[in-house]
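One structure is given below, encoded as structure tokens.
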Amino acid sequence: MKEIEKIVRQRLSKAVNDQDEGRSLNLDDELGDGYGLGSLDLIMLMSSVCSDAGVPLTELSEDDIARLRTPSDIVDLLTAKTPA
Amino acid sequence: MSVVNAVAATGGKSGDHRIAYLRKGRLESLTLAQLDALAARLAHDLRRAGFERGDRVGVLARNGIEWVLLDLAAIKAGLVTAGFEFGKFKEPGGLVEKYRLKGMFSDVGFHHPSVTDLRPLVDEVLARGPGEFGPGAFGGAIDEPVRYGPKDCTTIKFTSGSTGEPKGLAATVGSIDASLAAVQALFGHGPGDDVLVFLPLSLLQQRYWIYSALAHRHDVTVVPYEFALDVAAKVQPTVVMGVPGFFESIKKHLERSGDLVPGDAVRRRERIEALLGARIRYLWTGSAPASRDMLDFFDGCGIPIFEGYGMNETCIVTKNHPGHNRIGSVGRLLPGKKARIDGDGVLIIGSDHPVNVAYEYCAPGDNERIFLTGGEVRTGDLARFDEDGYLYILGRADDLVVLGNGKNVYVRKIEERVRRHAAVEECVLFGSGEPYLVAVVSPAEAPVGPAQRDAIAAHVDAVNATLPRDERIVKIFIAPEPFSIEGGLLTSQFKPKRKEIFKAFGREIAQLYGVPA
């Protein structure tokens, strides 16, 4: 599993009170309607994921964040922002 | 002192305090004196472009220095701002006729033949930078300051309902000045403070903090909400204003992080400070119901959080504050506010300086429903005062749910649509103070089998697909058997009893919000 995906799974599992470190979370479920995260919960999630991944949140634009629909979107976005 | 007139006048602002903001991903700042000078320059340019006192300018933009500058320039030039919530209003051009706009500043591209695009004017002033705008830099170009009387209006504010036509209300200078004076008397903001503003500047109350900084000489930091925590850790604000949902999210985040130790308030405080900075003097919350647990989470570790009460139509009515904080209440009346409880238990608010006495934009009947003769406002909230004058909000007299993010949702029509399915007898939505709506469904028949569950879920999905985000039903609980009069969940007229249903299924509803069984 890629490092970014691992971080997203771990942080998402805490955000939704999942008990197995996020290993079984479906990354294609919707963050809002699927995982029940409000917009403010999403900001908390993004702040912690960015901190763990070493990507400053301000590297992302408001539009980037507004387009996030699923955990996979977060993985894709941060992967694109992380130096290879 | 009229703060609005102090903002309108150019000069005399602090060169030792600053406004910080994000621009292209970087944290930048201007001293308040520089901000004042830039706003004066923009006001001058607006006048040269043909704007006259009373002309309206629309702003549809994220929080940023452009919003702030335009607002201050409009006050200096005597223009009326109409702040549209970014993300909610999609078509800037469509706002022009409806709200009689002469100018528009928008983060969304638009073209309209009869409105001036204000972006080039704002960008040009910003591009020159503050360097040119020292004392006397205008060489006589500073215009005579506009003077406002208490009944003049500087802005149109809109209700925060999630759908439909928002109601629009022009705010009087008297109401703005009275609110700012009362807040200053309670909290004494001054040179050591830095207020973090991340809720939308389209909400007039958020712009109050800019006016407060200019008048009372303190720092202020303005960012889009997405970057609130990131910037808080950098600037270490002393005051953070958030809706209850924001503070609930912090609490939930920390509780689920595994970093907290039960009963260890010192550690909890450290973890909160790691997010919001170590200089917090107090947290301000309101606009939606706050839970006792959330308030205790912060207050119990020495980070005061003060809940208050107000509406667009009344501005701030009550506020807990240092030395007068009764958790669970929303505080005592601010000077200049009056309150009474009517025969139905509904809170009625009067003001020495009303925000206004009628909406300028609303559906037929709205004015009569909200504004009473004499300028009083019928809030729709059920409330009581204790013997010391602290106000407690008990719920709504109607079908309005105020989510934790402050968004108002009228749920009855959504419930009716869910009820149209043959497998659904009743549907009641909850979400007061929570991040999203949940449904408790009374099934048409019991027991409820998997096929019926799937059918109900598919029906709710179909209803959701037609609704904006804040109106969607995110989780459903299907009761084991239909509600009944005998069971105490229906009235004798077969209407659902919301409070009793909430009480009966409190544990299941909590689980829908992620609380473990």
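Labels for the structure tokens follow display order: chains A, B, ..., residues from 1 in each chain, ligands from 1.
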Name the residues of stretch 362-432 of chain B that fall into strand (DSSP E) according to DSSP on the backbone, using the chain letters and numbers of this document, as a CSV table (one decimal) with N, CA and C atoms, in the first residue's frame.
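Listing of part.csv after writing:
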```
chain,number,residue,atom,x,y,z
B,377,VAL,N,-38.9,41.4,16.8
B,377,VAL,CA,-38.7,40.2,16.0
B,377,VAL,C,-39.2,38.9,16.7
B,378,ARG,N,-40.1,38.2,16.0
B,378,ARG,CA,-40.5,36.9,16.5
B,378,ARG,C,-39.5,35.9,16.0
B,379,THR,N,-38.7,35.3,17.0
B,379,THR,CA,-37.6,34.5,16.6
B,379,THR,C,-37.9,33.1,16.2
B,380,GLY,N,-39.1,32.6,16.6
B,380,GLY,CA,-39.4,31.2,16.3
B,380,GLY,C,-38.7,30.2,17.3
B,381,ASP,N,-37.9,30.7,18.2
B,381,ASP,CA,-37.3,29.8,19.2
B,381,ASP,C,-38.1,29.8,20.5
B,382,LEU,N,-38.2,28.6,21.0
B,382,LEU,CA,-38.8,28.4,22.3
B,382,LEU,C,-37.7,28.7,23.4
B,383,ALA,N,-38.0,29.5,24.4
B,383,ALA,CA,-36.9,29.9,25.3
B,383,ALA,C,-37.5,30.2,26.7
B,384,ARG,N,-36.5,30.2,27.6
B,384,ARG,CA,-36.9,30.7,29.0
B,384,ARG,C,-35.7,31.5,29.5
B,385,PHE,N,-36.0,32.3,30.5
B,385,PHE,CA,-34.9,33.0,31.2
B,385,PHE,C,-34.8,32.4,32.6
B,391,LEU,N,-30.4,33.4,29.4
B,391,LEU,CA,-31.4,32.8,28.4
B,391,LEU,C,-31.1,31.4,28.0
B,392,TYR,N,-32.1,30.6,28.0
B,392,TYR,CA,-31.9,29.2,27.6
B,392,TYR,C,-32.8,28.9,26.3
B,393,ILE,N,-32.3,28.4,25.3
B,393,ILE,CA,-33.0,28.1,24.1
B,393,ILE,C,-33.5,26.6,24.2
B,394,LEU,N,-34.8,26.4,24.1
B,394,LEU,CA,-35.4,25.1,24.4
B,394,LEU,C,-35.7,24.3,23.1
B,395,GLY,N,-35.7,25.0,22.0
B,395,GLY,CA,-36.0,24.3,20.7
B,395,GLY,C,-36.7,25.2,19.8
B,396,ARG,N,-37.3,24.7,18.7
B,396,ARG,CA,-37.9,25.5,17.7
B,396,ARG,C,-39.4,25.3,17.8
B,400,LEU,N,-37.9,24.1,11.7
B,400,LEU,CA,-36.5,24.5,11.3
B,400,LEU,C,-35.5,23.7,12.1
B,401,VAL,N,-34.5,23.2,11.4
B,401,VAL,CA,-33.4,22.6,12.0
B,401,VAL,C,-32.2,23.4,11.7
B,402,VAL,N,-31.4,23.8,12.7
B,402,VAL,CA,-30.2,24.6,12.5
B,402,VAL,C,-29.0,23.6,12.7
B,408,ASN,N,-29.5,26.7,8.1
B,408,ASN,CA,-30.9,26.5,8.4
B,408,ASN,C,-31.6,25.6,7.4
B,409,VAL,N,-32.2,24.5,7.9
B,409,VAL,CA,-33.0,23.6,7.0
B,409,VAL,C,-34.4,23.5,7.5
B,410,TYR,N,-35.4,23.8,6.6
B,410,TYR,CA,-36.8,23.5,6.9
B,410,TYR,C,-37.0,22.1,6.5
B,424,VAL,N,-43.1,3.6,3.9
B,424,VAL,CA,-42.9,4.6,5.0
B,424,VAL,C,-44.2,5.2,5.5
B,425,GLU,N,-44.4,5.1,6.8
B,425,GLU,CA,-45.6,5.6,7.4
B,425,GLU,C,-45.3,7.1,7.8
B,426,GLU,N,-44.2,7.3,8.4
B,426,GLU,CA,-43.8,8.6,8.9
B,426,GLU,C,-42.3,8.8,8.8
B,427,CYS,N,-41.9,10.0,8.7
B,427,CYS,CA,-40.4,10.3,8.7
B,427,CYS,C,-40.2,11.6,9.4
B,428,VAL,N,-39.3,11.5,10.4
B,428,VAL,CA,-38.9,12.7,11.2
B,428,VAL,C,-37.4,12.9,11.1
B,429,LEU,N,-37.0,14.1,10.7
B,429,LEU,CA,-35.6,14.4,10.6
B,429,LEU,C,-35.1,15.1,11.8
B,430,PHE,N,-33.8,14.8,12.1
B,430,PHE,CA,-33.1,15.5,13.2
B,430,PHE,C,-31.8,16.0,12.7
```
Output as number ranges by chain the set of chain B residues within 6 Å of chain A, with distances taken over only C-alpha atoms. B: 25, 226, 246, 249, 256, 435, 474
Long-range neighbours of A:Gly54 as JSON, numbers by chain, 12 Å cut-off, only C-alpha atoms, 6 positions minimum in chain: {"A": [3, 4, 7, 46, 47, 48, 78, 79, 81, 82, 83]}
Filtering to C-alpha atoms, could you give me those residues as a PDB file, in the first residue's frame?
```pdb
ATOM      1  CA  GLU A   3       2.327   5.664   2.035  1.00  0.00           C
ATOM      2  CA  ILE A   4      -0.293   8.347   1.271  1.00  0.00           C
ATOM      3  CA  ILE A   7      -2.066   7.802   6.010  1.00  0.00           C
ATOM      4  CA  MET A  46      -7.335  17.149   5.620  1.00  0.00           C
ATOM      5  CA  SER A  47      -5.298  19.074   8.194  1.00  0.00           C
ATOM      6  CA  SER A  48      -4.121  15.884   9.863  1.00  0.00           C
ATOM      7  CA  LEU A  78      -1.853  14.383  -2.200  1.00  0.00           C
ATOM      8  CA  THR A  79       0.037  11.936  -4.379  1.00  0.00           C
ATOM      9  CA  LYS A  81       1.426  17.143  -4.590  1.00  0.00           C
ATOM     10  CA  THR A  82       4.105  14.891  -3.137  1.00  0.00           C
ATOM     11  CA  PRO A  83       7.520  14.889  -4.810  1.00  0.00           C
TER      12      PRO A  83
END
```
Do you know which residues are at most 10 Å from stretch 27-29 of chain A counting only C-alpha atoms, after dropping those on the same chain fewer than 3 positions away, and could you put them as a list in words? Glu5, Val8, Arg9, Leu12, Gly22, Arg23, Ser24, Gly32, Asp33, Gly34, Tyr35, Arg69, Thr70, Pro71, Ser72, Asp73, Ile74 and Val75 of chain A
Those same residues, written as a JSON list (two decimals), in the first residue's frame with C-alpha atoms?
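The file below, selection12.json, is the result:
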```json
[["chain", "number", "residue", "atom", "x", "y", "z"],
["A", 5, "GLU", "CA", -3.05, 5.77, 1.09],
["A", 8, "VAL", "CA", -5.53, 8.49, 4.56],
["A", 9, "ARG", "CA", -6.82, 5.13, 5.81],
["A", 12, "LEU", "CA", -10.11, 8.37, 8.13],
["A", 22, "GLY", "CA", -8.90, 1.69, 8.18],
["A", 23, "ARG", "CA", -7.76, -1.43, 6.38],
["A", 24, "SER", "CA", -11.30, -2.39, 5.37],
["A", 32, "GLY", "CA", -20.19, 13.02, 3.06],
["A", 33, "ASP", "CA", -23.07, 10.70, 2.33],
["A", 34, "GLY", "CA", -21.03, 7.52, 2.91],
["A", 35, "TYR", "CA", -18.83, 8.33, 5.89],
["A", 69, "ARG", "CA", -15.71, 13.53, -2.87],
["A", 70, "THR", "CA", -14.08, 10.26, -1.75],
["A", 71, "PRO", "CA", -11.00, 9.14, 0.20],
["A", 72, "SER", "CA", -9.52, 8.08, -3.15],
["A", 73, "ASP", "CA", -9.72, 11.71, -4.27],
["A", 74, "ILE", "CA", -7.62, 12.69, -1.23],
["A", 75, "VAL", "CA", -5.05, 10.01, -2.06]]
```
Which residue is closest to A:Lys2? Choose from A:Leu68, A:Ala53, A:Leu25, A:Glu30 and count only C-alpha atoms. A:Ala53
Using DSSP secondary structure from the backbone, list all alpha helix (DSSP H) positions within chain A, as a PyMOL selection string. chain A and resi 3-15+39-53+62-66+71-81
May I have the residues from that selection written out with N, CA and C atoms, as a tab-separated table (two decimals), in the first residue's frame?
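Wrote again.tsv, looks like this:
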```tsv
chain	number	residue	atom	x	y	z
A	3	GLU	N	2.26	4.96	0.76
A	3	GLU	CA	2.33	5.66	2.04
A	3	GLU	C	1.14	6.62	2.22
A	4	ILE	N	0.82	7.38	1.16
A	4	ILE	CA	-0.29	8.35	1.27
A	4	ILE	C	-1.61	7.62	1.55
A	5	GLU	N	-1.80	6.51	0.87
A	5	GLU	CA	-3.05	5.77	1.09
A	5	GLU	C	-3.13	5.27	2.53
A	6	LYS	N	-1.99	4.82	3.05
A	6	LYS	CA	-1.95	4.34	4.43
A	6	LYS	C	-2.33	5.47	5.40
A	7	ILE	N	-1.76	6.65	5.14
A	7	ILE	CA	-2.07	7.80	6.01
A	7	ILE	C	-3.56	8.13	5.94
A	8	VAL	N	-4.11	8.16	4.72
A	8	VAL	CA	-5.53	8.49	4.56
A	8	VAL	C	-6.39	7.45	5.28
A	9	ARG	N	-6.04	6.18	5.14
A	9	ARG	CA	-6.82	5.13	5.81
A	9	ARG	C	-6.76	5.30	7.33
A	10	GLN	N	-5.56	5.55	7.85
A	10	GLN	CA	-5.41	5.68	9.30
A	10	GLN	C	-6.20	6.87	9.83
A	11	ARG	N	-6.06	7.99	9.16
A	11	ARG	CA	-6.74	9.19	9.65
A	11	ARG	C	-8.25	9.09	9.48
A	12	LEU	N	-8.68	8.53	8.36
A	12	LEU	CA	-10.11	8.37	8.13
A	12	LEU	C	-10.71	7.41	9.15
A	13	SER	N	-9.96	6.36	9.48
A	13	SER	CA	-10.50	5.38	10.44
A	13	SER	C	-10.72	6.06	11.79
A	14	LYS	N	-9.83	6.99	12.16
A	14	LYS	CA	-10.03	7.71	13.42
A	14	LYS	C	-11.22	8.66	13.30
A	15	ALA	N	-11.31	9.31	12.15
A	15	ALA	CA	-12.40	10.29	11.97
A	15	ALA	C	-13.77	9.63	12.04
A	39	SER	N	-18.53	19.22	6.36
A	39	SER	CA	-17.44	19.98	5.74
A	39	SER	C	-16.35	20.32	6.76
A	40	LEU	N	-16.75	20.55	8.02
A	40	LEU	CA	-15.76	20.88	9.04
A	40	LEU	C	-14.95	19.65	9.45
A	41	ASP	N	-15.62	18.48	9.46
A	41	ASP	CA	-14.89	17.23	9.73
A	41	ASP	C	-13.85	17.00	8.63
A	42	LEU	N	-14.24	17.33	7.40
A	42	LEU	CA	-13.32	17.12	6.28
A	42	LEU	C	-12.07	18.00	6.44
A	43	ILE	N	-12.27	19.20	6.95
A	43	ILE	CA	-11.11	20.09	7.17
A	43	ILE	C	-10.18	19.51	8.22
A	44	MET	N	-10.79	18.96	9.30
A	44	MET	CA	-9.97	18.32	10.33
A	44	MET	C	-9.19	17.17	9.73
A	45	LEU	N	-9.87	16.37	8.91
A	45	LEU	CA	-9.22	15.22	8.28
A	45	LEU	C	-8.08	15.68	7.38
A	46	MET	N	-8.35	16.69	6.56
A	46	MET	CA	-7.33	17.15	5.62
A	46	MET	C	-6.13	17.74	6.35
A	47	SER	N	-6.41	18.47	7.44
A	47	SER	CA	-5.30	19.07	8.19
A	47	SER	C	-4.38	17.99	8.73
A	48	SER	N	-4.98	16.93	9.28
A	48	SER	CA	-4.12	15.88	9.86
A	48	SER	C	-3.44	15.05	8.78
A	49	VAL	N	-4.16	14.76	7.69
A	49	VAL	CA	-3.55	13.98	6.61
A	49	VAL	C	-2.37	14.76	6.01
A	50	CYS	N	-2.58	16.04	5.76
A	50	CYS	CA	-1.51	16.87	5.18
A	50	CYS	C	-0.31	16.94	6.12
A	51	SER	N	-0.60	17.08	7.42
A	51	SER	CA	0.49	17.14	8.39
A	51	SER	C	1.30	15.84	8.37
A	52	ASP	N	0.61	14.69	8.36
A	52	ASP	CA	1.31	13.40	8.33
A	52	ASP	C	2.09	13.21	7.03
A	53	ALA	N	1.50	13.72	5.94
A	53	ALA	CA	2.13	13.49	4.63
A	53	ALA	C	3.22	14.53	4.32
A	62	GLU	N	-8.57	26.13	-2.49
A	62	GLU	CA	-9.92	25.88	-1.99
A	62	GLU	C	-10.68	25.01	-3.00
A	63	ASP	N	-10.43	25.22	-4.29
A	63	ASP	CA	-11.11	24.41	-5.31
A	63	ASP	C	-10.69	22.95	-5.21
A	64	ASP	N	-9.39	22.72	-4.95
A	64	ASP	CA	-8.92	21.33	-4.77
A	64	ASP	C	-9.73	20.65	-3.68
A	65	ILE	N	-9.87	21.36	-2.56
A	65	ILE	CA	-10.55	20.76	-1.41
A	65	ILE	C	-12.04	20.60	-1.70
A	66	ALA	N	-12.61	21.59	-2.38
A	66	ALA	CA	-14.05	21.52	-2.68
A	66	ALA	C	-14.37	20.34	-3.60
A	71	PRO	N	-12.37	9.28	-0.30
A	71	PRO	CA	-11.00	9.14	0.20
A	71	PRO	C	-10.00	8.95	-0.95
A	72	SER	N	-10.42	8.26	-2.00
A	72	SER	CA	-9.52	8.08	-3.15
A	72	SER	C	-9.11	9.43	-3.74
A	73	ASP	N	-10.05	10.37	-3.76
A	73	ASP	CA	-9.72	11.71	-4.27
A	73	ASP	C	-8.60	12.34	-3.44
A	74	ILE	N	-8.66	12.12	-2.11
A	74	ILE	CA	-7.62	12.69	-1.23
A	74	ILE	C	-6.27	12.05	-1.57
A	75	VAL	N	-6.30	10.72	-1.72
A	75	VAL	CA	-5.05	10.01	-2.06
A	75	VAL	C	-4.48	10.56	-3.36
A	76	ASP	N	-5.33	10.70	-4.38
A	76	ASP	CA	-4.86	11.17	-5.68
A	76	ASP	C	-4.30	12.59	-5.59
A	77	LEU	N	-5.02	13.43	-4.87
A	77	LEU	CA	-4.61	14.83	-4.77
A	77	LEU	C	-3.25	14.95	-4.07
A	78	LEU	N	-3.11	14.27	-2.95
A	78	LEU	CA	-1.85	14.38	-2.20
A	78	LEU	C	-0.70	13.68	-2.91
A	79	THR	N	-1.02	12.61	-3.61
A	79	THR	CA	0.04	11.94	-4.38
A	79	THR	C	0.58	12.89	-5.44
A	80	ALA	N	-0.32	13.63	-6.05
A	80	ALA	CA	0.10	14.59	-7.08
A	80	ALA	C	0.94	15.73	-6.51
A	81	LYS	N	0.70	16.02	-5.22
A	81	LYS	CA	1.43	17.14	-4.59
A	81	LYS	C	2.72	16.69	-3.91
```
Write out as an MDAnalysis selection string which residues come within 8 Å of B:Ala73 when counting only C-alpha atoms, dropping same-chain ones fewer than 3 positions away. chainID B and resid 39:43 69:70 76:77
Residues of stretch 155-266 of chain B that approach stretch 347-365 of chain B to 7 Å or less, counting only C-alpha atoms: could you list each one with the shortest pair of atoms and its distance in Å to one decimal, rows by chain and increasing residue number, as JSON lines?
```
{"residue": "B:Lys167", "atom": "CA", "partner": "B:Cys362", "partner_atom": "CA", "distance": 4.7}
{"residue": "B:Gly168", "atom": "CA", "partner": "B:Tyr361", "partner_atom": "CA", "distance": 4.7}
{"residue": "B:Leu169", "atom": "CA", "partner": "B:Tyr359", "partner_atom": "CA", "distance": 4.7}
{"residue": "B:Ala170", "atom": "CA", "partner": "B:Asn356", "partner_atom": "CA", "distance": 6.6}
{"residue": "B:Ala171", "atom": "CA", "partner": "B:Val355", "partner_atom": "CA", "distance": 5.1}
{"residue": "B:Thr172", "atom": "CA", "partner": "B:Val355", "partner_atom": "CA", "distance": 5.4}
{"residue": "B:Gly174", "atom": "CA", "partner": "B:His353", "partner_atom": "CA", "distance": 5.5}
{"residue": "B:Ser175", "atom": "CA", "partner": "B:His353", "partner_atom": "CA", "distance": 5.0}
```
Within 8 Å of stretch 498-500 of chain B, counting only C-alpha atoms, which residues show up once you throw out same-chain ones fewer than 4 positions away? Write them as a PyMOL selection string, please. chain B and resi 428+488-489+504
Report, in Å with one decimal, the straight-line distance from atom CA of B:Ile156 to atom CA of B:Ala82. 4.9 Å
Selection: 10 Å around B:Leu22, only C-alpha atoms, excl. self and same-chain fewer than 2 positions, as a PyMOL selection string: (chain A and resi 58) or (chain B and resi 20+24-29+63-65+221-224+227+231)
